[in-house]
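*Asks:* Input: one structure, supplied below.
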Amino acid sequence: MKKLILMAVMGLGLVSCTTAQKATKDMTDLPKNWKHTTNIYEVNLRQYTKEGTFRAFEKEMPRIKSMGVKTLWFMPITPIAQLNKKGSLGSPYAASDYTSINPEFGTLDDFKHMVNEAHRLGFKVIIDWVANHTGWDHIWTKTHPEFYLKDPDGGFHRASGMDDIIELDYKNQEMRLAMIDAMKYWVKETNIDGFRCDLASWVEVDFWEQARPEVEKLKPLFWLGEFDELENPEYGKVFDASYSWKWMHKSADYYKNNEPLQELTDLLKKYSAIGDNSMRAWFTANHDENSWNGTEYEKYGVITKPMAVFSATWNGVPLLYSGQELPNMKRLEFFEKDPIEWNTTYQVADFYRTLLDLKSSNPALRGGDPKVTTYLLNTTSNDKILAYMRKNGNDEVLVVLNMSKEPVNFTIEDAQVSGSFKNVFNKMKRNFDEGKTFSFQPGDYAVFER
């Protein structure tokens with residue numbers, strides 16, 4: 001077994017692994033390796049349109065495609081349990097049946113039609129999968145009550161901190177097989193391309209090790225797990241990508257509490273030491289964060305765009321949430337109808353298009369590829385500026401972000417930066433042999449490629 005190799009360079013150092021540890025899966029298992037260059041757009045179907053249906057969302061897909069989005073992730077599409085539900089509509093994460101469609105969204109034929117149209121447009125489609133728990137009146141509570149964990153009094157066991165859901169018993173082998181069959185149903189019936197697995201680390205890792213190869217007898221799939229690999233490294237052997245929860249929380253604390261930027265760069269080195277057998281999903285918003293903790297503008301203020309640039313250019317896969325292209329400035333209700341307040345301007349769409357197209361087209365931004373190296377660069381303002389370069393052969397991308405709330409004049413002091421690059425936003429060329437000095441205002445960023 002090869003050891004991970006970290007190479008030190010001038011300044012803050014190389015933080016991407018140059019060799020990868022062999023894992024239980026192979027990052028080349030999908031046709032054309034699309035997972036290396038993809039991005040993910042989370043669809044909150046209930047709030048996306050006034051209708052809140054598959055058919056209504058289908059009309060939005062050409063616009064989303066033009067923004068450079070590659071993969072659509074749909075929040076749970078299964079029907080919602082009514083017993084002990086929260087609010088008037090309930091949580092999509094409290095299912096009443098794993099193999100039916102929520103009538104709020106339409107019919108199975110509507111979903112199939114939408115998936116077919118998404119594939120025609122070039123999208124991949126993944127769906128949310130909630131394996132840890134169900135709602136209180138899920139069909140299994142009647143047909144297979146033995147599938148559930150029980151309290152000492154014999155009642156169903158509530159999930160921690162969530163009164164509308166009850167937990168399944170993964171010691172029950174029959175339940176595991178039923179769960180796998182339910183996942184296979186959606187692949188066979190609707191030809192989806194993968195799963196986003198809710199609270200993946202709340203389910204025993206050996207279930208995912210059992211489920212993935214069985215479901216993939218039908219076709220290769222993309223597996224995004226809701227867990228942080230720094231806390232649950234064993235799950236990284238099964239999933240293609242995982243959440244970067246520690247980064248999201250630490251970066252929010254950094255901005256709100258004026259914490260040292262060094263703490264963020266130290267955390268990035270820990271993520272990079274994981275290696276390239278799996279990827280991290282980087283994001284500034286998702287359904288949980290938006291509804292419960294606030295929009296990205298509440299969390300990141302003036303560095304919202306620099307954080308978005310980071311999410312699209314660091315090693316991994318960018319994850320966007322419904323409405324970020326507006327930008328969406330409100331918290332969306334979770335248990336009630338609360339449509340996104342769309343307009344026709346989409347002020348941030350071009351910004352995201354530039355980033356997502358670069359991510360897809362430049363080999364230096366391939367996620368989870370051991371051929372790509374990522375260097376943190378030394379500057380004269382390391383306490384305010386996050387600068388890094390990613391390289392894959394002759395392809396290079398240079399990213400410079402003002403992570404402070406202040407104007408900053410600084411110079412990149414690193415031999416890795418030399419020669420001519422093109423700014424991907426204004427298309428201007430810059431020869432760094434003639435100088436590496438910048439003058440940034442709060443919220444400024446620059447991305448160069450060659």
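Labels for the structure tokens follow display order: chains A, B, ..., residues from 1 in each chain, ligands from 1.
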Near Thr190 (chain A), within 12 Å and counting only C-alpha atoms, which residues show up once chain neighbours fewer than 2 positions away are dropped, as a PyMOL selection string?

*Replies:* chain A and resi 99-101+108-119+125-127+183-188+192-194+218

*Asks:* Could those residues be written to a file, using C-alpha atoms, as a short mmCIF file (atom, residue, chain, number, x, y, z; two decimals), in the first residue's frame?

*Replies:*
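Okay, again-v5.cif is ready:
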```cif
data_model
loop_
_atom_site.label_atom_id
_atom_site.label_comp_id
_atom_site.auth_asym_id
_atom_site.auth_seq_id
_atom_site.Cartn_x
_atom_site.Cartn_y
_atom_site.Cartn_z
CA THR A 99 -41.09 3.53 -3.81
CA SER A 100 -43.81 6.11 -4.49
CA ILE A 101 -43.91 9.72 -5.64
CA LEU A 108 -44.21 8.90 -11.55
CA ASP A 109 -44.68 9.55 -15.25
CA ASP A 110 -44.03 13.25 -14.63
CA PHE A 111 -40.78 12.39 -12.87
CA LYS A 112 -39.71 10.01 -15.64
CA HIS A 113 -40.48 12.68 -18.22
CA MET A 114 -38.38 15.21 -16.32
CA VAL A 115 -35.43 12.82 -15.94
CA ASN A 116 -35.56 11.98 -19.65
CA GLU A 117 -35.59 15.68 -20.52
CA ALA A 118 -32.73 16.34 -18.11
CA HIS A 119 -30.69 13.60 -19.77
CA VAL A 125 -29.80 13.38 -12.04
CA ILE A 126 -29.37 12.23 -8.45
CA ILE A 127 -32.06 11.94 -5.79
CA MET A 183 -32.92 2.07 -4.19
CA LYS A 184 -32.71 -0.25 -7.17
CA TYR A 185 -36.34 0.56 -7.99
CA TRP A 186 -35.51 4.17 -8.81
CA VAL A 187 -32.55 3.24 -10.97
CA LYS A 188 -34.54 0.63 -12.91
CA ILE A 192 -31.38 8.19 -12.29
CA ASP A 193 -27.60 8.59 -12.05
CA GLY A 194 -26.98 8.44 -8.32
CA LEU A 218 -27.76 -1.92 -12.77
#
```

*Asks:* How would you write, as JSON, numbers by chain, the set of residues in region 256-431 of chain A that DSSP gives as strand (DSSP E or B)?

*Replies:* {"A": [279, 280, 281, 282, 317, 318, 319, 320, 321, 373, 374, 375, 376, 379, 385, 386, 387, 388, 389, 390, 391, 392, 395, 396, 397, 398, 399, 400, 401, 402, 408, 409, 410, 411, 412, 420, 421, 422, 423, 429, 430, 431]}

*Asks:* Any chance you could tabulate, as a Markdown table, the residues of region 202-241 of chain A at most 7 Å from region 274-281 of chain A with each one's nearest atom pair and distance in Å to one decimal, using only C-alpha atoms, in chain and rising number order?

*Replies:*
```
| residue | atom | partner | partner_atom | distance |
| --- | --- | --- | --- | --- |
| A:Gly236 | CA | A:Ser278 | CA | 5.9 |
| A:Phe239 | CA | A:Ser278 | CA | 6.7 |
| A:Asp240 | CA | A:Ser278 | CA | 5.0 |
| A:Ala241 | CA | A:Met279 | CA | 4.3 |
```

*Asks:* With all heavy atoms retained, could you export that selection as a compact mmCIF listing (two decimals), in the first residue's frame?

*Replies:*
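Below is the file that was written, result.txt:
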```
# COMPACT_ATOMS: atom_id res chain seq x y z
N GLY A 236 -15.53 7.37 3.53
CA GLY A 236 -14.92 7.84 2.29
C GLY A 236 -14.53 6.72 1.35
O GLY A 236 -14.33 6.95 0.16
N PHE A 239 -18.15 6.36 -0.64
CA PHE A 239 -18.79 7.47 -1.33
C PHE A 239 -17.82 8.21 -2.24
O PHE A 239 -16.63 8.32 -1.94
CB PHE A 239 -19.38 8.44 -0.31
CG PHE A 239 -20.62 7.92 0.37
CD1 PHE A 239 -20.52 7.13 1.51
CD2 PHE A 239 -21.87 8.17 -0.16
CE1 PHE A 239 -21.64 6.62 2.13
CE2 PHE A 239 -23.02 7.67 0.45
CZ PHE A 239 -22.91 6.90 1.60
N ASP A 240 -18.35 8.72 -3.35
CA ASP A 240 -17.54 9.50 -4.28
C ASP A 240 -17.24 10.88 -3.74
O ASP A 240 -16.21 11.47 -4.04
CB ASP A 240 -18.27 9.63 -5.62
CG ASP A 240 -18.50 8.30 -6.28
OD1 ASP A 240 -17.50 7.59 -6.51
OD2 ASP A 240 -19.66 7.94 -6.55
N ALA A 241 -18.16 11.44 -2.96
CA ALA A 241 -17.98 12.78 -2.41
C ALA A 241 -18.71 12.88 -1.08
O ALA A 241 -19.67 12.15 -0.83
CB ALA A 241 -18.50 13.84 -3.38
```

*Asks:* Tell me, which residues of region 16-115 of chain A carry DSSP alpha helix (DSSP H), written as a list in words?

*Replies:* Leu45, Arg46, Gln47, Tyr48, Phe54, Arg55, Ala56, Phe57, Glu58, Met61, Pro62, Arg63, Ile64, Lys65, Ser66, Leu108, Asp109, Asp110, Phe111, Lys112, His113, Met114 and Val115 of chain A

*Asks:* So that I can check the surroundings of Glu51 (chain A), please list as a PyMOL selection string every protein, DNA and RNA residue that reaches within 12 Å of it, counting only C-alpha atoms and ignoring chain neighbours fewer than 4 positions away.

*Replies:* chain A and resi 45-47+55-59+104-106+337-340

*Asks:* Show me, as a list in words, the residues that have an atom within 10 Å of Ile64 (chain A) when counting only C-alpha atoms, minus same-chain residues fewer than 6 positions from it.

*Replies:* Tyr41, Lys70, Leu72, Phe123, Glu325, Ala349 and Arg353 of chain A

*Asks:* Restrict the selected residues to N, CA, C and O atoms and save them as an mmCIF file, in the first residue's frame.

*Replies:*
```cif
data_model
loop_
_atom_site.group_PDB
_atom_site.id
_atom_site.type_symbol
_atom_site.label_atom_id
_atom_site.label_comp_id
_atom_site.auth_asym_id
_atom_site.auth_seq_id
_atom_site.Cartn_x
_atom_site.Cartn_y
_atom_site.Cartn_z
ATOM 1 N N TYR A 41 -26.272 20.936 -8.390
ATOM 2 C CA TYR A 41 -27.247 21.984 -8.109
ATOM 3 C C TYR A 41 -28.409 21.344 -7.364
ATOM 4 O O TYR A 41 -29.113 20.502 -7.913
ATOM 5 N N LYS A 70 -24.196 20.840 -14.168
ATOM 6 C CA LYS A 70 -24.011 19.514 -14.757
ATOM 7 C C LYS A 70 -24.881 18.438 -14.104
ATOM 8 O O LYS A 70 -25.347 17.530 -14.774
ATOM 9 N N LEU A 72 -28.114 17.612 -11.360
ATOM 10 C CA LEU A 72 -29.257 18.067 -10.584
ATOM 11 C C LEU A 72 -29.502 17.092 -9.439
ATOM 12 O O LEU A 72 -29.646 15.889 -9.669
ATOM 13 N N PHE A 123 -27.816 16.786 -18.492
ATOM 14 C CA PHE A 123 -27.681 16.709 -17.042
ATOM 15 C C PHE A 123 -27.513 15.266 -16.580
ATOM 16 O O PHE A 123 -27.990 14.329 -17.218
ATOM 17 N N GLU A 325 -28.427 31.840 -7.753
ATOM 18 C CA GLU A 325 -28.141 32.647 -8.927
ATOM 19 C C GLU A 325 -28.903 33.966 -8.938
ATOM 20 O O GLU A 325 -28.659 34.827 -9.777
ATOM 21 N N ALA A 349 -26.014 34.770 -12.074
ATOM 22 C CA ALA A 349 -25.932 33.634 -12.996
ATOM 23 C C ALA A 349 -24.660 33.651 -13.827
ATOM 24 O O ALA A 349 -23.996 32.618 -14.003
ATOM 25 N N ARG A 353 -21.800 30.944 -14.013
ATOM 26 C CA ARG A 353 -21.511 30.326 -15.307
ATOM 27 C C ARG A 353 -20.006 30.325 -15.575
ATOM 28 O O ARG A 353 -19.439 29.317 -16.027
#
```

*Asks:* So, counting only C-alpha atoms, which residue among A:Ser360, A:Thr344, A:Asn402, A:Thr411 is closest to Lys305 (chain A)?

*Replies:*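 Looking only at the distances to Lys305 (chain A), the closest residue turns out to be A:Asn402.
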
*Asks:* Expressed in Å to a single decimal, how great is the separation between CA of Glu60 (chain A) and CA of Glu333 (chain A)?

*Replies:*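 If I compute the distance from CA of Glu60 (chain A) to CA of Glu333 (chain A), I get 21.2 Å.
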